[in-house]
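Inspection log for the structure reproduced underneath, given as structure tokens.
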Amino acid sequence: MRKSLCNRLFAILLLVPLPAWAQLVVVKNHQPKARIVCVDGQEVNQKAATLLNTFIERISGATLPVVENGSYRKGDIIIGETTTLATEDGFELDCHGDRLNIRTGGGRGAIYGVATLLEKYLDVSYYTLESYDLTKSGTIVLPAISHHETPAFRYRQTQSYGNEDPIYKQWFRLKEPKEIFAANLWVHTFNRILPAAVYGKEHPEWYSLLNGKRQPGDHSQWCLTNEEVFEMACQKIDSIFKANPDMRTISVSQNDGNNTQCQCPACKAIDEYEGSPSGNLVRFMNKLATRFPDKEFSTLAYLYSMQPPKHTKPLKNVNIMLCDIDCRREVPLTDNASGQQFVKALTGWSAISDNIFIWDYCINFDNVVAPFPNFHILQKNLQLFKENHATMVFEQANGSLGTDFSELRAYMLAKLMWDPYQDSDSLMQAFLQGYYREAAPYLYQYQKLLQGALLASGIPLWIYDTPVSHKDGMLNANLRKLYNELFDQAEAAVATDSVRLRRVRIARLPLQYAELELARTNPDQDTEATRMLLNLFEQRTAEYQIPTLNERRNYPADYCRLYRERFLPTKTENKAALAPVTWINPPEEHYQEKARKALTDGLYGGTSYGESWVGWVGEDADFVIDLGQEQEISEIATDFLHHLGAWILLPKGGSYQVSTDGESYRDFGTFAFEEDRDIAVKFRWGRVAVSQPVRARYIKVHVDTLGNCPSWHYGVGYPAWFFLDEIIVR
């Protein structure tokens with residue numbers, strides 16, 4: 001990283017031979033002059049010593065001797081004594097006289113103290129997996145130091161680090177669920193504790209009553225007023241803790257899915273009294289917390305259970321994991337209507353609990369490789385959490401390679417989770433300068449332009465977003481031209497640096513993906529230019545081994561293949577092109593205006609259902625297409641979307657009928673779909689072809705709804721959606 005002149009001078013002062021005011025010579029002329037003393041031989045202190053020695057060696061070539069306990073002597077670096085100046089994971093750095101003390105407030109304070117020593121006083125900067133900056137010198141000298149820190153949150157988690165780099169996790173003070181939660185039971189655990197596949201057939205009464213029927217299933221909830229459920233859960237939980245004697249926390253939390261809580265009379269009465277289904281959950285958790293007073297029980301306040309109960313308060317050993325899943329991301333949570341609903345929930349919970357775990361979403365699930373400019377809201381949201389009694393935070397961010405500036409987002413989140421009152425813009429610039437070097441000014445300008453364009457557009461940013469939503473906003477043609485010019489300049493600035501050039505090109509992939517997504521919605525697209533961009537995107541995602549384009553495991557290679565087949569086909573005649581549609585059983589009201597053109601406009605929908613797709617929920621579809629004149633027909637096909645995460649399932653099937661006069665119809669054929677539990681987003685054709693063409697002007701399309709979502713799905717007990725877009729007639 002190109003440090004400021006002030007930082008460089010400070011580094012030089014630290015790494016030159018001992019001046020009169022200096023406190024401790026650590027290394028001189030590549031030879032160790034200090035030793036590391038690990039107090040009590042604890043593993044955490046040993047890890048701290050290893051981290052310190054790793055970078056002492058990288059700076060100077062020397063390795064300090066490490067001893068356990070014993071009497072201290074001049075030149076010692078003492079790791080692991082306790083301090084009252086910091087709480088769990090906090091630390092104190094005290095360098096006076098001829099020793100350095102790295103004291104701990106508990107937890108991993110010793111490790112985090114070493115990381116701060118290296119970063120703040122030895123000029124080491126760490127960015128991503130094995131990506132760091134330091135100044136090599138044969139002599140290392142520490143000045144007088146008096147410094148202590150305590151983290152804003154006792155638990156800090158992202159999805160932006162991997163087991164392949166333990167230093168990253170230590171440096172950025174991150175934790176993982178398996179380190180805290182017994183048997184890694186940390187979210188959506190009802191079905192893991194009492195699997196419906198095991199107990200549902202014999203005890204359907206243990207599971208949700210939905211629409212008048214017990215619905216045991218992978219995503220069904222428990223009947224929380226059933227005493228047998230409580231006792232069996234206690235047995236299971238007791239056995240889990242006995243198998244994990246060193247753990248004291250477990251999540252007992254609702255399965256994924258919305259409005260699937262039990263609606264039996266007893267459960268419903270409590271929900272109504274408490275003003276929220278969370279009341280029943282908290283009552284159940286309080287019973288567990290009383291049965292196991294030395295343990296901590298975490299439960300979700302998620303979707304239907306987000307708002308707090310009116311009357312029941314969680315016990316101290318009940319942890320509330322509050323999720324802001326439905327909130328928009330273009331402004332802080334305090335500043336839009338969806339966010340304000342969450343803020344209402346947060347302030348309500350903070351009034352009755354000091355044990356709150358925030359699950360914050362910084363991700364676009366449907367298009368992880370797409371621009372997602374939310375950097376300007378990260379700090380304000382974390383400050384909001386801190387000021388409302390949150391003690392634990394999970395920032396679910398785009399963590400896999402190739403997602404929108406994932407390295408920068410991970411860096412900023414980790415820093416801000418430790419201290420949300422730092423200057424976030426300075427953090428952004430520090431990372432960009434260190435990670436991208438000469439390309440940094442152009443990428444910083446890109447981020448600021450993208451952010452400004454998003455805010456000026458007034459278009460929401462959300463976790464199931466699509467670039468198509470922003471085609472007239474932050475991704476309009478003029479802005480995309482400017483963004484590409486900035487990336488051209490960024491690439492040129494590091495053209496002779498293969499490492500940074502690779503990083504810049506990976507950072508450019510979301511913009512290129514957005515351009516491809518926008519091109520397929522443009523009937524006047526430059527097909528050859530789109531083909532060239534697709535070839536480049538395919539080449540670079542393969543070269544850089546980009547793993548996925550969304551959380552549904554859609555791979556870049558599959559996307560590129562399908563794009564050629566679906567969006568860049570050889571032009572073939574569609575006799576239904578731009579044909580008017582008459583509804584017999586129309587789609588959901590929200591989609592009716594779009595549906596006037598979407599079914600015959602020749603533009604195929606992508607993986608995000610919010611674009612050109614037309615949806616029905618729990619009902620059959622029936623409509624008629626008028627071809628305008630009588631024609632010969634040999635094939636009819638309808639395009640369907642499969643997107644389980646959005647409750648969009650394939651229908652049972654459907655049928656086509658044809659007519660010459662619009663009154664008398666005859667059968668053309670039927671199609672059917674098999675059940676598909678694959679979470680990948682897919683497109684499926686309901687196709688019928690006949691060997692001998694028939695003459696017709698009108699086509700009646702009927703689609704058979706699946707009805708309710710099946711027991712294995714998130715929406716168990718509720719109507720399933722199906723979506724379609726294009727009708728092809730040949």
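Residue names in the structure tokens use chain letters A, B, ... in the order shown, residue numbers from 1 in each chain, and ligand numbers from 1 in the order shown.
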For segment 595-647 of chain A versus segment 509-524 of chain A, which residues have an atom no more than 9 Å away, and what is each residue's nearest atom pair and distance in Å rounded to one decimal, using only C-alpha atoms, chain-then-number order, as a tab-separated table?
residue	atom	partner	partner_atom	distance
A:Asp601	CA	A:Pro523	CA	9.0
A:Gly602	CA	A:Pro523	CA	8.0
A:Leu603	CA	A:Thr521	CA	6.0
A:Tyr604	CA	A:Thr521	CA	7.6
A:Gly605	CA	A:Thr521	CA	8.2
A:Gly606	CA	A:Glu517	CA	7.8
A:Ser612	CA	A:Thr521	CA	8.8
For segment 578-593 of chain A, work out the shell of residues within 8 Å, counting only C-alpha atoms and skipping chain neighbours fewer than 5 positions away, then give it as a list in words. Thr600, Asp601, Gly602, Val614, Gly615, Trp616, Val617, Asp620, Ala621, Asp622, Phe623, Val624, Ile625, Asp626, Leu627 and Gly628 of chain A
Go ahead and write the selection's residues with all heavy atoms as a JSON list (two decimals), in the first residue's frame.
[["chain", "number", "residue", "atom", "x", "y", "z"],
["A", 600, "THR", "N", -45.79, -12.31, -24.85],
["A", 600, "THR", "CA", -45.56, -12.44, -26.29],
["A", 600, "THR", "C", -44.59, -11.40, -26.84],
["A", 600, "THR", "O", -44.55, -11.17, -28.05],
["A", 600, "THR", "CB", -46.90, -12.34, -27.06],
["A", 600, "THR", "OG1", -47.49, -11.06, -26.80],
["A", 600, "THR", "CG2", -47.86, -13.44, -26.66],
["A", 601, "ASP", "N", -43.81, -10.74, -25.96],
["A", 601, "ASP", "CA", -42.94, -9.66, -26.43],
["A", 601, "ASP", "C", -41.59, -10.13, -26.94],
["A", 601, "ASP", "O", -40.76, -9.32, -27.38],
["A", 601, "ASP", "CB", -42.75, -8.60, -25.35],
["A", 601, "ASP", "CG", -42.06, -9.13, -24.10],
["A", 601, "ASP", "OD1", -41.66, -10.32, -24.09],
["A", 601, "ASP", "OD2", -41.94, -8.37, -23.13],
["A", 602, "GLY", "N", -41.32, -11.43, -26.85],
["A", 602, "GLY", "CA", -40.07, -11.96, -27.37],
["A", 602, "GLY", "C", -38.88, -11.80, -26.44],
["A", 602, "GLY", "O", -37.76, -12.20, -26.78],
["A", 614, "VAL", "N", -44.60, -13.45, -15.15],
["A", 614, "VAL", "CA", -45.99, -13.23, -14.77],
["A", 614, "VAL", "C", -46.41, -14.37, -13.84],
["A", 614, "VAL", "O", -46.23, -15.55, -14.18],
["A", 614, "VAL", "CB", -46.90, -13.18, -16.01],
["A", 614, "VAL", "CG1", -48.35, -12.98, -15.60],
["A", 614, "VAL", "CG2", -46.44, -12.08, -16.96],
["A", 615, "GLY", "N", -46.97, -14.04, -12.67],
["A", 615, "GLY", "CA", -47.19, -15.06, -11.65],
["A", 615, "GLY", "C", -48.63, -15.29, -11.24],
["A", 615, "GLY", "O", -49.45, -14.37, -11.21],
["A", 616, "TRP", "N", -48.92, -16.55, -10.94],
["A", 616, "TRP", "CA", -50.17, -16.98, -10.33],
["A", 616, "TRP", "C", -49.83, -17.66, -9.00],
["A", 616, "TRP", "O", -48.79, -18.33, -8.89],
["A", 616, "TRP", "CB", -50.90, -17.99, -11.21],
["A", 616, "TRP", "CG", -51.63, -17.44, -12.39],
["A", 616, "TRP", "CD1", -52.98, -17.27, -12.52],
["A", 616, "TRP", "CD2", -51.07, -17.04, -13.65],
["A", 616, "TRP", "NE1", -53.30, -16.77, -13.76],
["A", 616, "TRP", "CE2", -52.14, -16.62, -14.48],
["A", 616, "TRP", "CE3", -49.77, -16.97, -14.16],
["A", 616, "TRP", "CZ2", -51.95, -16.16, -15.78],
["A", 616, "TRP", "CZ3", -49.57, -16.49, -15.45],
["A", 616, "TRP", "CH2", -50.66, -16.09, -16.24],
["A", 617, "VAL", "N", -50.67, -17.52, -8.00],
["A", 617, "VAL", "CA", -50.41, -18.16, -6.72],
["A", 617, "VAL", "C", -51.63, -18.98, -6.31],
["A", 617, "VAL", "O", -52.73, -18.46, -6.13],
["A", 617, "VAL", "CB", -50.03, -17.14, -5.63],
["A", 617, "VAL", "CG1", -51.11, -16.10, -5.42],
["A", 617, "VAL", "CG2", -49.72, -17.85, -4.31],
["A", 620, "ASP", "N", -55.17, -21.93, -10.93],
["A", 620, "ASP", "CA", -54.84, -22.26, -12.32],
["A", 620, "ASP", "C", -54.73, -20.98, -13.14],
["A", 620, "ASP", "O", -55.31, -19.94, -12.80],
["A", 620, "ASP", "CB", -55.92, -23.14, -12.93],
["A", 620, "ASP", "CG", -56.03, -24.50, -12.25],
["A", 620, "ASP", "OD1", -55.08, -24.89, -11.55],
["A", 620, "ASP", "OD2", -57.08, -25.16, -12.42],
["A", 621, "ALA", "N", -54.03, -21.08, -14.24],
["A", 621, "ALA", "CA", -53.98, -20.01, -15.23],
["A", 621, "ALA", "C", -54.80, -20.41, -16.43],
["A", 621, "ALA", "O", -54.71, -21.56, -16.90],
["A", 621, "ALA", "CB", -52.53, -19.73, -15.65],
["A", 622, "ASP", "N", -55.59, -19.48, -16.94],
["A", 622, "ASP", "CA", -56.36, -19.71, -18.16],
["A", 622, "ASP", "C", -56.39, -18.42, -18.96],
["A", 622, "ASP", "O", -56.80, -17.37, -18.43],
["A", 622, "ASP", "CB", -57.79, -20.14, -17.82],
["A", 622, "ASP", "CG", -57.86, -21.56, -17.29],
["A", 622, "ASP", "OD1", -57.74, -22.49, -18.10],
["A", 622, "ASP", "OD2", -58.04, -21.71, -16.06],
["A", 623, "PHE", "N", -55.99, -18.49, -20.22],
["A", 623, "PHE", "CA", -56.06, -17.31, -21.08],
["A", 623, "PHE", "C", -56.04, -17.74, -22.54],
["A", 623, "PHE", "O", -55.70, -18.89, -22.87],
["A", 623, "PHE", "CB", -54.89, -16.36, -20.79],
["A", 623, "PHE", "CG", -53.53, -16.98, -20.83],
["A", 623, "PHE", "CD1", -52.79, -17.02, -22.02],
["A", 623, "PHE", "CD2", -52.95, -17.52, -19.69],
["A", 623, "PHE", "CE1", -51.53, -17.58, -22.05],
["A", 623, "PHE", "CE2", -51.69, -18.09, -19.72],
["A", 623, "PHE", "CZ", -50.97, -18.12, -20.91],
["A", 624, "VAL", "N", -56.40, -16.81, -23.40],
["A", 624, "VAL", "CA", -56.47, -17.08, -24.83],
["A", 624, "VAL", "C", -55.57, -16.11, -25.57],
["A", 624, "VAL", "O", -55.55, -14.91, -25.27],
["A", 624, "VAL", "CB", -57.92, -16.94, -25.34],
["A", 624, "VAL", "CG1", -57.98, -17.08, -26.86],
["A", 624, "VAL", "CG2", -58.82, -17.98, -24.68],
["A", 625, "ILE", "N", -54.82, -16.65, -26.53],
["A", 625, "ILE", "CA", -53.96, -15.84, -27.40],
["A", 625, "ILE", "C", -54.59, -15.78, -28.79],
["A", 625, "ILE", "O", -54.97, -16.82, -29.35],
["A", 625, "ILE", "CB", -52.55, -16.43, -27.47],
["A", 625, "ILE", "CG1", -51.88, -16.37, -26.09],
["A", 625, "ILE", "CG2", -51.69, -15.69, -28.48],
["A", 625, "ILE", "CD1", -50.54, -17.02, -26.04],
["A", 626, "ASP", "N", -54.66, -14.58, -29.33],
["A", 626, "ASP", "CA", -55.23, -14.37, -30.66],
["A", 626, "ASP", "C", -54.09, -14.12, -31.65],
["A", 626, "ASP", "O", -53.40, -13.10, -31.55],
["A", 626, "ASP", "CB", -56.19, -13.17, -30.64],
["A", 626, "ASP", "CG", -56.83, -12.90, -31.99],
["A", 626, "ASP", "OD1", -56.52, -13.63, -32.96],
["A", 626, "ASP", "OD2", -57.64, -11.96, -32.06],
["A", 627, "LEU", "N", -53.88, -15.05, -32.58],
["A", 627, "LEU", "CA", -52.79, -14.93, -33.55],
["A", 627, "LEU", "C", -53.12, -13.93, -34.66],
["A", 627, "LEU", "O", -52.25, -13.64, -35.50],
["A", 627, "LEU", "CB", -52.48, -16.29, -34.17],
["A", 627, "LEU", "CG", -52.11, -17.41, -33.19],
["A", 627, "LEU", "CD1", -51.78, -18.68, -33.97],
["A", 627, "LEU", "CD2", -50.97, -17.02, -32.29],
["A", 628, "GLY", "N", -54.34, -13.42, -34.69],
["A", 628, "GLY", "CA", -54.71, -12.40, -35.66],
["A", 628, "GLY", "C", -55.32, -12.94, -36.93],
["A", 628, "GLY", "O", -56.13, -12.28, -37.57]]
Taken to one decimal, the atom CA of Leu382 of chain A-atom CA of Leu443 of chain A distance is 24.5 Å
List as a list of chain:residue names the protein and nucleic acid residues near Ser60 of chain A, meaning an atom at most 7 Å away when only C-alpha atoms are counted, but skip any in the same chain fewer than 2 places from it. A:His30, A:Ile56, A:Glu57, A:Arg58, A:Ala62, A:Lys136, A:Ser137, A:Gly138, A:Thr139
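Those residues in segment 347-405 of chain A carrying a DSSP assignment of strand (DSSP E or B), computed from the backbone, are Ile356, Phe357, Ile358, Trp359, Asp360, Tyr361, Cys362, Ala390, Thr391, Met392, Val393, Phe394, Glu395, Gln396 and Ala397 of chain A.
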For those residues, write C-alpha atoms to a file as a CSV table (one decimal), in the first residue's frame.
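Contents of result.csv, as written:
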chain,number,residue,atom,x,y,z
A,356,ILE,CA,-29.9,-9.3,21.1
A,357,PHE,CA,-28.2,-10.9,18.2
A,358,ILE,CA,-28.6,-9.0,14.9
A,359,TRP,CA,-28.7,-10.9,11.6
A,360,ASP,CA,-28.0,-8.1,9.0
A,361,TYR,CA,-28.3,-8.7,5.3
A,362,CYS,CA,-25.7,-7.1,3.0
A,390,ALA,CA,-27.2,-5.7,20.4
A,391,THR,CA,-24.3,-7.7,21.7
A,392,MET,CA,-23.8,-10.1,18.7
A,393,VAL,CA,-23.8,-9.4,15.0
A,394,PHE,CA,-23.8,-11.5,11.8
A,395,GLU,CA,-23.3,-9.5,8.6
A,396,GLN,CA,-24.4,-11.8,5.8
A,397,ALA,CA,-22.4,-10.4,2.9
Would you mind listing what lies within 8 Å of Glu491 of chain A as number ranges by chain, with only C-alpha atoms counted and same-chain residues fewer than 2 positions away left out? A: 439, 487-489, 493-495, 501, 504-505
Exercise: segment 24-29 of chain A partners within 10 Å, only C-alpha atoms, chain neighbours under 2 positions left out, as a PyMOL selection string: chain A and resi 14-19+21-22+31-36+56-57+59-64+74-77+95-100+137-144
Writer output for current selection, N, CA, C and O atoms, as a compact mmCIF listing (two decimals), in the first residue's frame:
# COMPACT_ATOMS: atom_id res chain seq x y z
N LEU A 14 10.07 3.53 13.75
CA LEU A 14 9.91 2.29 14.51
C LEU A 14 10.97 1.26 14.16
O LEU A 14 11.29 0.40 14.98
N LEU A 15 11.49 1.30 12.96
CA LEU A 15 12.31 0.21 12.47
C LEU A 15 13.79 0.56 12.32
O LEU A 15 14.55 -0.17 11.71
N VAL A 16 14.21 1.68 12.91
CA VAL A 16 15.63 2.06 12.89
C VAL A 16 16.25 1.70 14.22
O VAL A 16 15.55 1.39 15.19
N PRO A 17 17.58 1.72 14.32
CA PRO A 17 18.22 1.42 15.61
C PRO A 17 17.69 2.29 16.74
O PRO A 17 17.20 3.40 16.53
N LEU A 18 17.79 1.78 17.94
CA LEU A 18 17.16 2.32 19.13
C LEU A 18 17.56 3.76 19.42
O LEU A 18 18.72 4.04 19.68
N PRO A 19 16.62 4.70 19.36
CA PRO A 19 16.90 6.07 19.79
C PRO A 19 16.71 6.19 21.30
O PRO A 19 16.21 5.27 21.96
N TRP A 21 14.55 7.73 23.14
CA TRP A 21 13.22 7.71 23.73
C TRP A 21 12.52 6.38 23.58
O TRP A 21 11.46 6.17 24.13
N ALA A 22 13.08 5.45 22.76
CA ALA A 22 12.40 4.19 22.48
C ALA A 22 12.36 3.31 23.71
O ALA A 22 13.13 3.47 24.65
N GLN A 31 18.57 -10.18 14.35
CA GLN A 31 18.72 -11.10 15.47
C GLN A 31 17.71 -10.77 16.56
O GLN A 31 17.48 -9.60 16.87
N PRO A 32 17.07 -11.79 17.17
CA PRO A 32 16.07 -11.53 18.21
C PRO A 32 16.71 -10.94 19.46
O PRO A 32 17.76 -11.42 19.93
N LYS A 33 16.09 -9.90 19.99
CA LYS A 33 16.55 -9.29 21.24
C LYS A 33 15.50 -9.41 22.34
O LYS A 33 15.81 -9.13 23.50
N ALA A 34 14.29 -9.77 21.98
CA ALA A 34 13.21 -9.96 22.96
C ALA A 34 12.78 -11.41 22.93
O ALA A 34 13.16 -12.18 22.04
N ARG A 35 12.03 -11.80 23.90
CA ARG A 35 11.41 -13.11 23.89
C ARG A 35 9.92 -12.96 24.21
O ARG A 35 9.50 -11.96 24.78
N ILE A 36 9.14 -13.96 23.84
CA ILE A 36 7.70 -13.97 24.11
C ILE A 36 7.44 -14.90 25.28
O ILE A 36 7.88 -16.07 25.27
N ILE A 56 6.83 -10.89 12.80
CA ILE A 56 8.20 -10.51 13.15
C ILE A 56 9.17 -11.14 12.16
O ILE A 56 10.11 -10.49 11.66
N GLU A 57 8.93 -12.40 11.83
CA GLU A 57 9.80 -13.09 10.87
C GLU A 57 9.66 -12.49 9.47
O GLU A 57 10.64 -12.32 8.75
N ILE A 59 8.88 -9.47 8.70
CA ILE A 59 9.50 -8.13 8.68
C ILE A 59 11.02 -8.23 8.71
O ILE A 59 11.71 -7.59 7.91
N SER A 60 11.53 -9.04 9.63
CA SER A 60 12.97 -8.97 9.93
C SER A 60 13.76 -10.23 9.59
O SER A 60 14.99 -10.19 9.56
N GLY A 61 13.08 -11.34 9.38
CA GLY A 61 13.78 -12.60 9.18
C GLY A 61 14.09 -13.31 10.48
O GLY A 61 14.56 -14.46 10.46
N ALA A 62 13.83 -12.66 11.61
CA ALA A 62 14.12 -13.26 12.92
C ALA A 62 12.86 -13.84 13.53
O ALA A 62 11.75 -13.41 13.23
N THR A 63 13.04 -14.85 14.40
CA THR A 63 11.94 -15.44 15.15
C THR A 63 12.26 -15.33 16.63
O THR A 63 13.37 -15.70 17.06
N LEU A 64 11.32 -14.83 17.42
CA LEU A 64 11.56 -14.66 18.85
C LEU A 64 11.37 -15.98 19.58
O LEU A 64 10.46 -16.75 19.26
N LYS A 74 14.22 -8.46 31.33
CA LYS A 74 14.28 -7.31 30.42
C LYS A 74 14.08 -7.78 28.97
O LYS A 74 14.65 -8.77 28.55
N GLY A 75 13.23 -7.04 28.24
CA GLY A 75 13.02 -7.36 26.84
C GLY A 75 11.89 -8.33 26.59
O GLY A 75 11.65 -8.70 25.44
N ASP A 76 11.15 -8.72 27.61
CA ASP A 76 10.07 -9.69 27.41
C ASP A 76 8.82 -9.04 26.80
O ASP A 76 8.48 -7.89 27.09
N ILE A 77 8.15 -9.83 25.95
CA ILE A 77 6.81 -9.51 25.49
C ILE A 77 5.89 -10.51 26.17
O ILE A 77 5.92 -11.70 25.86
N CYS A 95 3.49 -0.76 26.98
CA CYS A 95 4.94 -0.85 26.77
C CYS A 95 5.60 0.31 27.50
O CYS A 95 5.58 1.46 27.01
N HIS A 96 6.12 0.02 28.66
CA HIS A 96 6.85 1.02 29.45
C HIS A 96 8.07 0.33 30.06
O HIS A 96 8.06 -0.87 30.31
N GLY A 97 9.10 1.11 30.33
CA GLY A 97 10.31 0.51 30.85
C GLY A 97 10.94 -0.39 29.82
O GLY A 97 11.23 0.04 28.71
N ASP A 98 11.10 -1.65 30.13
CA ASP A 98 11.80 -2.54 29.20
C ASP A 98 10.98 -3.78 28.85
O ASP A 98 11.52 -4.81 28.49
N ARG A 99 9.65 -3.68 28.97
CA ARG A 99 8.79 -4.81 28.65
C ARG A 99 7.54 -4.33 27.91
O ARG A 99 7.13 -3.19 28.04
N LEU A 100 6.94 -5.28 27.18
CA LEU A 100 5.63 -5.06 26.57
C LEU A 100 4.67 -6.06 27.17
O LEU A 100 4.92 -7.27 27.13
N SER A 137 12.61 -4.81 7.55
CA SER A 137 13.74 -4.17 8.23
C SER A 137 14.40 -5.19 9.14
O SER A 137 13.72 -6.03 9.74
N GLY A 138 15.71 -5.07 9.29
CA GLY A 138 16.43 -5.97 10.19
C GLY A 138 16.31 -5.59 11.64
O GLY A 138 16.72 -6.36 12.51
N THR A 139 15.77 -4.39 11.91
CA THR A 139 15.64 -3.91 13.28
C THR A 139 14.21 -3.48 13.55
O THR A 139 13.61 -2.77 12.75
N ILE A 140 13.67 -3.96 14.66
CA ILE A 140 12.31 -3.60 15.07
C ILE A 140 12.37 -3.03 16.47
O ILE A 140 12.88 -3.67 17.39
N VAL A 141 11.85 -1.81 16.63
CA VAL A 141 11.84 -1.13 17.92
C VAL A 141 10.44 -0.65 18.22
O VAL A 141 9.77 -0.08 17.36
N LEU A 142 9.98 -0.90 19.44
CA LEU A 142 8.66 -0.45 19.86
C LEU A 142 8.78 0.81 20.70
O LEU A 142 9.65 0.90 21.58
N PRO A 143 7.88 1.79 20.47
CA PRO A 143 7.87 2.99 21.31
C PRO A 143 7.10 2.74 22.59
O PRO A 143 6.59 1.64 22.82
N ALA A 144 6.98 3.75 23.41
CA ALA A 144 6.09 3.67 24.57
C ALA A 144 4.66 3.52 24.07
O ALA A 144 4.24 4.20 23.14
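The space separating atom CA of Ile270 of chain A from atom CA of Asn226 of chain A comes to 12.7 Å.
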